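Novice: Handing you this structure, nothing more for now.
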Amino acid sequence: MVNTGEINGSSNLMDFLDEPFPDVGTYEDFHTIDWLREKSRDTDRHRKITSKSKESLWEFIKGLLDAWSGWVVMLFIGLLSGTLAGVIDLAVDWMTDLKEGICLNAFWYSHEQCCWTSSETTFEDRDKCPQWQKWSELMIDQSEGASAYILNYFLYSMWALLFAFLAVSLVRVFAPYACGSGIPEIKTILSGFIIRGYLGKWTLLVKTVTLVLVVSSGLSLGKEGPSVHVACCCGNLFSSLFSKYSRNEGKRREVLSAAAAVGVSVAFGAPIGGVLFSLEEVSYYFPLKTLWRSFFAALVAAFTLRSINPFGNSRLVLFYVEYHTPWYMAELFPFILLGVFGGLWGTLFIRCNIAWCRRRKTTKLGKYPVLEVIAVTAITALLAYPNPYTRRSTSELISELFNDCGALESSQLCDYINDPNMTRPVDDIPDRQAGPGVYTAMWQLALALIFKIIITIFTFGMKIPSGLFIPSIAVGAIAGRIVGVGVEQLAYHHHDWIIFRNWCRPGADCVTPGLYAMVGAAACLGGVTRMTVSLVVIMFELTGGLEYIVPLMAAAVTSKWVADAFGKEGIYEAHIHLNGYPFLDVKDEFTHRTLAMDVMRPRRGEPSLSVLTQDNMTVEDVETLIKDTDYNGFPVVVSRDSERLIGFAQRRELIIAIKNARQRQDGVVSNSIVYFTEDPPELPANSPHPLKLRRILNLSPFTVTDHTPMETVVDIFRKLGLRQCLVTRSGRLLGIITKKDVLRHMAQMANQDPESIMFN
């Protein structure tokens with residue numbers, strides 16, 4: 001037998017893995033990270049930096065830079081996301097108006113900016129100025145009449161089709177991951193799943209450009225969901241500049257959680273709501289320091305957006321409102337009714353949209369994404385133009401629906417019959433009888449409501465960037481405004497009824513229809529997404545309506561209760577399940593009485609578990625095992641007879657380690673013994689050098705016994721973010737349970753198709 005000391009003395013050949021080399025610790029595409037391992041690696045790294053910082057001043061400075069790198073990344077994310085959001089808002093404003101006309105003085109001015117610079121604009125006709133011309137005025141010198149209407153209608157539709165075609169073409173050719181909302185995938189990535197390229201530079205660039213195009217095209221979608229994706233792309237970009245984050249997938253996800261908060265902060269001008277949105281809706285792991293950093297990043301982003309001032313009103317909020325009337329207890333009943341409507345709309349939308357998306361995936365329809373986008377855009381443009389409430393951008397529509405009717409408002413919604421004897425101040429106008437303009441607006445809004453409900457079902461999920469926040473808010477705001485005007489007129493004509501007598505005297509300003517629009521918007525958004533706390537905060541930050549928190553809370557809670565009665569899944573969870581992502585939702589409850597032995601593999605009748613032994617397999621044996629199987633890793637046991645567990649080795653790291661050993665060691669050949677113990681085994685004198693792979697071995701894999709209840713196993717997978725756990729009995733290995741096994745078992749117990757979980 002050869003002397004083991006002789007082997008150990010030969011230039012430390014077997015211990016080459018004591019020095020780290022590239023790609024060990026990384027993960028393959030469409031695989032799940034090991035949260036415990038990432039946490040352990042970060043702890044080791046931090047311990048090493050702390051011990052080195054005591055050796056010299058330079059090492060101390062390096063330690064300080066490492067500690068501050070997180071805040072620097074947050075600063076960069078906030079600055080870039082805020083800048084991109086401002087540019088997107090300005091570009092959308094200009095391109096939306098481009099469908100209707102052009103500014104002669106400067107073609108890059110939107111309609112509003114063009115008329116700001118004009119000295120010939122009157123207050124009554126504030127939207128009309130000689131510098132801004134509709135396409136019919138420019139081409140045939142007519143602003144009214146059938147020919148002008150038809151030309152404007154045609155060009156409106158052509159611009160919409162052009163924008164949509166450019167968007168879907170750019171997505172299809174350059175960045176297929178730039179389509180959709182992005183939030184279902186972000187949730188899955190934050191839970192520990194790897195989707196390479198989803199947060200890449202090309203995706204960031206293409207999503208930013210195409211987001212402007214699709215919102216400008218007039219399709220029933222918003223930019224808020226995609227803004228979260230854009231911000232997370234910024235987070236991924238900057239985290240790759242610091243090894244602390246680029247080499248640790250767990251730490252990278254802390255940055256991405258903060259970036260998600262930034263996305264909502266810049267999309268709605270709601271920094272606190274953004275942080276709560278990331279905490280409540282998106283993030284899987286959200287430690288306290290991530291909360292602070294999210295807050296800082298959202299602050300920087302909001303400040304950057306405010307500096308750009310894209311709305312031109314020196315405010316951060318998108319739909320600033322100022323109501324002069326308090327709400328009354330009797331109004332809680334219509335508010336709750338709006339909550340019920342929001343819950344029913346959310347349920348209807350989720351079921352119809354998922355059914356349509358499933359049809360798209362399983363039929364030929366999915367093979368023609370460009371044609372689908374063009375068809376939906378054409379239908380949207382043709383049906384939207386005749387109705388003034390669907391022709392304008394959705395953000396403008398929501399803004400008008402939220403507004404209170406003051407003395408200076410010229411909107412059709414404010415066409416009330418004035419009492420000539422009224423001598424009240426401007427900001428305290430009493431309830432008045434609705435004029436013909438209000439009744440016209442009501443049926444136009446009713447048609448707009450039906451149109452938005454139907455077209456949004458077919459729009460969300462197409463191969464273009466598409467957010468759902470703004471269309472949901474629009475549906476709720478339209479329904480809320482209709483209910484608000486109805487309650488207002490009821491109170492005006494029947495102020496002697498017992499419900500109005502105490503708080504709605506004749507000549508009093510007691511019902512605010514804009515408030516109903518705001519409550520309806522919160523209800524519908526809550527029904528679709530199932531948000532509660534963050535939704536209320538976003539809504540009052542969005543509108544500035546701080547004193548109306550109670551109505552917003554009542555509507556949000558009611559819509560969630562109603563929607564949950566028909567199904568627990570929000571739209572994002574439904575799309576995660578539709579796409580088969582391995583997402584273990586913390587909201588799902590597992591109450592079945594099954595055991596680990598019922599779920600583990602191998603089951604009865606299946607081949608035995610593929611394992612590695614600690615010191616009697618050759619390099620060729622290991623390579624053959626890797627080639628013949630597609631498992632992500634292999635348990636290491638003392639021997640096949642004893643099956644006593646030693647540890648767990650990842651497939652990817654075995655491949656990289658053997659490849660590097662063959663390149664860097666002359667003595668490693670196919671019949672070299674691979675060992676995972678501290679000391680090499682005793683070998684004959686003429687044996688090739690053995691290969692030590694102890695460094696890549698996880699010596700403390702998570703284990704459960706075969707009689708552990710699955711309820712406990714599911715909880716362990718959720719709270720520790722495990723990739724897999726091993727099943728043992730008295731230290732002897734019996735089987736393995738992976739995250740995919742858990743998800744499939746949960747699907748099976750819920751009478752769903754377990755094969756719908758497609759990824760590993």
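Labels used: A, B, ... for chains in the order of the structure tokens, numbers from 1 for residues in each chain, and numbers from 1 for ligands as shown.
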So that I can check the surroundings of Val550 (chain A), please list as a compact mmCIF listing (two decimals) with N, CA, C and O atoms, in the first residue's frame every protein, DNA and RNA residue that reaches within 12 Å of it, counting only C-alpha atoms and ignoring chain neighbours fewer than 4 positions away.

Specialist:
```
# COMPACT_ATOMS: atom_id res chain seq x y z
N PRO A 326 -66.19 66.35 4.03
CA PRO A 326 -65.90 65.08 4.72
C PRO A 326 -66.86 63.99 4.26
O PRO A 326 -67.88 64.27 3.64
N TRP A 327 -66.50 62.75 4.56
CA TRP A 327 -67.43 61.66 4.24
C TRP A 327 -68.27 61.35 5.48
O TRP A 327 -67.88 61.66 6.60
N TYR A 328 -69.43 60.76 5.24
CA TYR A 328 -70.38 60.49 6.32
C TYR A 328 -70.58 58.99 6.49
O TYR A 328 -70.41 58.23 5.54
N MET A 329 -70.99 58.58 7.69
CA MET A 329 -71.13 57.16 8.00
C MET A 329 -72.10 56.45 7.06
O MET A 329 -71.90 55.30 6.69
N GLU A 331 -72.45 56.84 4.06
CA GLU A 331 -71.82 56.55 2.77
C GLU A 331 -71.02 55.25 2.79
O GLU A 331 -70.60 54.78 1.72
N LEU A 332 -70.81 54.68 3.97
CA LEU A 332 -70.08 53.41 4.03
C LEU A 332 -70.80 52.31 3.26
O LEU A 332 -70.17 51.40 2.72
N PHE A 335 -69.88 52.55 -0.33
CA PHE A 335 -68.45 52.21 -0.41
C PHE A 335 -68.26 50.69 -0.35
O PHE A 335 -67.47 50.11 -1.10
N ILE A 336 -69.02 50.03 0.55
CA ILE A 336 -68.92 48.57 0.67
C ILE A 336 -69.47 47.90 -0.59
O ILE A 336 -68.93 46.89 -1.05
N LEU A 515 -64.77 61.10 -4.81
CA LEU A 515 -64.35 60.20 -3.73
C LEU A 515 -64.82 58.77 -4.02
O LEU A 515 -64.09 57.81 -3.78
N VAL A 519 -62.59 55.36 -4.28
CA VAL A 519 -62.89 54.14 -3.51
C VAL A 519 -63.10 52.96 -4.46
O VAL A 519 -62.61 51.85 -4.23
N ALA A 522 -59.76 51.68 -5.74
CA ALA A 522 -59.08 50.84 -4.74
C ALA A 522 -59.72 49.45 -4.67
O ALA A 522 -59.02 48.44 -4.58
N VAL A 533 -53.04 46.38 2.68
CA VAL A 533 -52.34 47.48 3.36
C VAL A 533 -51.63 48.37 2.35
O VAL A 533 -51.83 49.60 2.32
N VAL A 536 -54.04 50.52 0.13
CA VAL A 536 -54.61 51.72 0.75
C VAL A 536 -53.57 52.84 0.81
O VAL A 536 -53.86 53.99 0.49
N VAL A 537 -52.34 52.48 1.18
CA VAL A 537 -51.27 53.49 1.27
C VAL A 537 -50.96 54.06 -0.12
O VAL A 537 -50.80 55.27 -0.28
N MET A 539 -53.00 54.28 -2.64
CA MET A 539 -54.13 55.11 -3.08
C MET A 539 -54.12 56.48 -2.42
O MET A 539 -54.37 57.48 -3.08
N PHE A 540 -53.82 56.55 -1.12
CA PHE A 540 -53.84 57.89 -0.53
C PHE A 540 -52.58 58.68 -0.87
O PHE A 540 -52.60 59.91 -0.93
N GLY A 545 -55.35 62.08 -0.81
CA GLY A 545 -56.57 62.05 0.01
C GLY A 545 -56.37 61.34 1.32
O GLY A 545 -56.90 60.25 1.53
N LEU A 546 -55.62 61.96 2.23
CA LEU A 546 -55.22 61.29 3.48
C LEU A 546 -56.39 61.04 4.42
O LEU A 546 -56.42 60.05 5.13
N ALA A 554 -62.25 50.14 3.95
CA ALA A 554 -63.50 49.36 3.90
C ALA A 554 -63.66 48.71 2.54
O ALA A 554 -64.00 47.52 2.44
N ALA A 555 -63.40 49.48 1.47
CA ALA A 555 -63.54 48.95 0.11
C ALA A 555 -62.50 47.87 -0.17
O ALA A 555 -62.82 46.83 -0.77
N ALA A 556 -61.25 48.09 0.26
CA ALA A 556 -60.18 47.14 -0.01
C ALA A 556 -60.44 45.80 0.70
O ALA A 556 -60.28 44.73 0.11
N VAL A 557 -60.85 45.87 1.96
CA VAL A 557 -61.11 44.64 2.73
C VAL A 557 -62.31 43.89 2.15
O VAL A 557 -62.27 42.66 1.99
```

Novice: Just the residues within 10 Å of Thr380 (chain A), please, counting only C-alpha atoms, with nothing from its chain fewer than 2 positions along; format it as a list in words.

Specialist: Ser157, Ala160, Leu161, Ser217, Gly218, Leu219, Ser220, Ile374, Ala375, Val376, Thr377, Ala378, Leu382, Leu383, Ala384, Tyr385, Thr390, Arg391, Phe451, Lys452, Ile455, Thr456 and Thr459 of chain A

Novice: Considering only C-alpha atoms, return as an mmCIF file with N, CA, C and O atoms, in the first residue's frame whatever protein or nucleic-acid residues lie within 12 Å of Leu609 (chain A), sequence-local ones (same chain, fewer than 4 positions apart) excluded.

Specialist:
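File selection.cif, as written:
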```
data_model
loop_
_atom_site.group_PDB
_atom_site.id
_atom_site.type_symbol
_atom_site.label_atom_id
_atom_site.label_comp_id
_atom_site.auth_asym_id
_atom_site.auth_seq_id
_atom_site.Cartn_x
_atom_site.Cartn_y
_atom_site.Cartn_z
ATOM 1 N N MET A 600 -41.535 11.416 -0.651
ATOM 2 C CA MET A 600 -40.118 11.257 -1.014
ATOM 3 C C MET A 600 -39.947 10.317 -2.218
ATOM 4 O O MET A 600 -40.811 9.507 -2.534
ATOM 5 N N ARG A 601 -38.831 10.508 -2.880
ATOM 6 C CA ARG A 601 -38.427 9.575 -3.937
ATOM 7 C C ARG A 601 -37.146 8.870 -3.481
ATOM 8 O O ARG A 601 -36.344 9.478 -2.773
ATOM 9 N N PRO A 602 -36.901 7.626 -3.839
ATOM 10 C CA PRO A 602 -37.736 6.789 -4.716
ATOM 11 C C PRO A 602 -38.943 6.218 -3.962
ATOM 12 O O PRO A 602 -38.880 5.952 -2.768
ATOM 13 N N ARG A 603 -40.034 6.052 -4.712
ATOM 14 C CA ARG A 603 -41.217 5.391 -4.159
ATOM 15 C C ARG A 603 -41.106 3.885 -4.413
ATOM 16 O O ARG A 603 -40.201 3.426 -5.097
ATOM 17 N N ARG A 604 -42.069 3.155 -3.894
ATOM 18 C CA ARG A 604 -42.047 1.701 -4.079
ATOM 19 C C ARG A 604 -42.134 1.362 -5.550
ATOM 20 O O ARG A 604 -42.939 1.916 -6.291
ATOM 21 N N GLY A 605 -41.307 0.415 -5.969
ATOM 22 C CA GLY A 605 -41.309 -0.005 -7.366
ATOM 23 C C GLY A 605 -40.398 0.816 -8.247
ATOM 24 O O GLY A 605 -40.186 0.487 -9.417
ATOM 25 N N LEU A 625 -22.406 8.483 -13.676
ATOM 26 C CA LEU A 625 -23.615 8.764 -12.894
ATOM 27 C C LEU A 625 -24.225 10.108 -13.312
ATOM 28 O O LEU A 625 -25.444 10.226 -13.479
ATOM 29 N N THR A 629 -27.983 10.491 -15.426
ATOM 30 C CA THR A 629 -29.104 11.066 -14.662
ATOM 31 C C THR A 629 -29.180 12.570 -14.920
ATOM 32 O O THR A 629 -28.244 13.170 -15.450
ATOM 33 N N TYR A 631 -30.344 14.621 -12.228
ATOM 34 C CA TYR A 631 -30.597 15.160 -10.898
ATOM 35 C C TYR A 631 -29.690 16.357 -10.622
ATOM 36 O O TYR A 631 -28.585 16.455 -11.159
ATOM 37 N N GLY A 633 -28.321 17.039 -7.729
ATOM 38 C CA GLY A 633 -27.280 16.725 -6.759
ATOM 39 C C GLY A 633 -27.419 15.288 -6.280
ATOM 40 O O GLY A 633 -28.393 14.594 -6.618
ATOM 41 N N PHE A 634 -26.423 14.856 -5.513
ATOM 42 C CA PHE A 634 -26.387 13.459 -5.076
ATOM 43 C C PHE A 634 -26.017 13.379 -3.602
ATOM 44 O O PHE A 634 -25.034 14.008 -3.173
ATOM 45 N N PRO A 635 -26.774 12.596 -2.816
ATOM 46 C CA PRO A 635 -26.355 12.344 -1.430
ATOM 47 C C PRO A 635 -25.054 11.532 -1.425
ATOM 48 O O PRO A 635 -24.822 10.703 -2.310
ATOM 49 N N VAL A 636 -24.218 11.798 -0.438
ATOM 50 C CA VAL A 636 -22.961 11.046 -0.271
ATOM 51 C C VAL A 636 -23.104 10.176 0.978
ATOM 52 O O VAL A 636 -23.431 10.679 2.059
ATOM 53 N N VAL A 637 -22.877 8.873 0.802
ATOM 54 C CA VAL A 637 -23.041 7.923 1.908
ATOM 55 C C VAL A 637 -21.713 7.211 2.176
ATOM 56 O O VAL A 637 -20.792 7.251 1.341
ATOM 57 N N ARG A 640 -22.667 1.721 -0.003
ATOM 58 C CA ARG A 640 -24.004 1.329 -0.471
ATOM 59 C C ARG A 640 -24.668 0.341 0.492
ATOM 60 O O ARG A 640 -25.890 0.235 0.526
ATOM 61 N N GLU A 643 -25.549 2.825 3.835
ATOM 62 C CA GLU A 643 -26.410 3.967 3.481
ATOM 63 C C GLU A 643 -26.400 5.050 4.569
ATOM 64 O O GLU A 643 -27.348 5.822 4.680
ATOM 65 N N LEU A 726 -33.284 15.717 2.680
ATOM 66 C CA LEU A 726 -33.092 14.265 2.633
ATOM 67 C C LEU A 726 -33.925 13.599 3.725
ATOM 68 O O LEU A 726 -34.093 14.154 4.812
ATOM 69 N N VAL A 727 -34.438 12.437 3.414
ATOM 70 C CA VAL A 727 -35.280 11.697 4.365
ATOM 71 C C VAL A 727 -34.451 10.538 4.934
ATOM 72 O O VAL A 727 -33.879 9.740 4.174
ATOM 73 N N LEU A 733 -30.020 6.748 5.085
ATOM 74 C CA LEU A 733 -30.692 7.476 4.010
ATOM 75 C C LEU A 733 -31.807 6.624 3.386
ATOM 76 O O LEU A 733 -31.587 5.479 2.995
ATOM 77 N N LEU A 734 -33.008 7.227 3.294
ATOM 78 C CA LEU A 734 -34.138 6.528 2.664
ATOM 79 C C LEU A 734 -34.522 7.145 1.324
ATOM 80 O O LEU A 734 -34.898 6.444 0.389
ATOM 81 N N GLY A 735 -34.487 8.489 1.240
ATOM 82 C CA GLY A 735 -34.925 9.142 0.004
ATOM 83 C C GLY A 735 -34.676 10.635 0.046
ATOM 84 O O GLY A 735 -33.984 11.151 0.925
ATOM 85 N N ILE A 736 -35.273 11.346 -0.908
ATOM 86 C CA ILE A 736 -35.078 12.790 -1.053
ATOM 87 C C ILE A 736 -36.409 13.440 -1.411
ATOM 88 O O ILE A 736 -37.247 12.851 -2.101
ATOM 89 N N ILE A 737 -36.624 14.660 -0.908
ATOM 90 C CA ILE A 737 -37.794 15.471 -1.282
ATOM 91 C C ILE A 737 -37.277 16.794 -1.834
ATOM 92 O O ILE A 737 -36.530 17.500 -1.154
#
```

Novice: At what distance in Å, to one decimal, does CA of Gly346 (chain A) lie from CA of Val485 (chain A)?

Specialist: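 Going from CA of Val485 (chain A) over to CA of Gly346 (chain A), I get 23.3 Å.
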
Novice: Name the residues of region 115-195 of chain A that come out as strand (DSSP E or B) in a backbone DSSP run; write them as a ChimeraX atom specification.

Specialist: /A:132-134,180,193

Novice: Hey, which bits of region 511-535 of chain A sit within 6 Å of region 462-482 of chain A, and for each residue what's the closest pair of atoms and how far apart in Å (one decimal), counting only C-alpha atoms, rows by chain and increasing number, as CSV?

Specialist:
```
residue,atom,partner,partner_atom,distance
A:Pro513,CA,A:Arg481,CA,5.4
A:Tyr516,CA,A:Gly480,CA,4.7
A:Ala517,CA,A:Gly480,CA,3.9
A:Met518,CA,A:Ala477,CA,5.9
A:Gly520,CA,A:Gly476,CA,4.2
A:Ala521,CA,A:Gly476,CA,3.9
A:Cys524,CA,A:Gly476,CA,5.1
A:Leu525,CA,A:Ser472,CA,5.2
```

Novice: Excluding Ile716 (chain A) and any residue of its chain fewer than 5 positions from it, enumerate the residues within 10 Å of it, using only C-alpha atoms, and give them as a list in words.

Specialist: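 Counting only the stated atoms, we get Phe702, Val704, Met710, Glu711, Gly721, Leu722 and Cys725 of chain A.
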
Novice: Please extract the residues of region 48-154 of chain A with a backbone DSSP assignment of alpha helix (DSSP H) and present them as a PyMOL selection string.

Specialist: chain A and resi 48-52+57-98+111-116+135-139+146-154

Novice: Please measure the separation of CA of Leu447 (chain A) and CA of Thr529 (chain A), giving the value in Å to one decimal.

Specialist: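 Result for CA of Leu447 (chain A) versus CA of Thr529 (chain A): 24.5 Å, one decimal.
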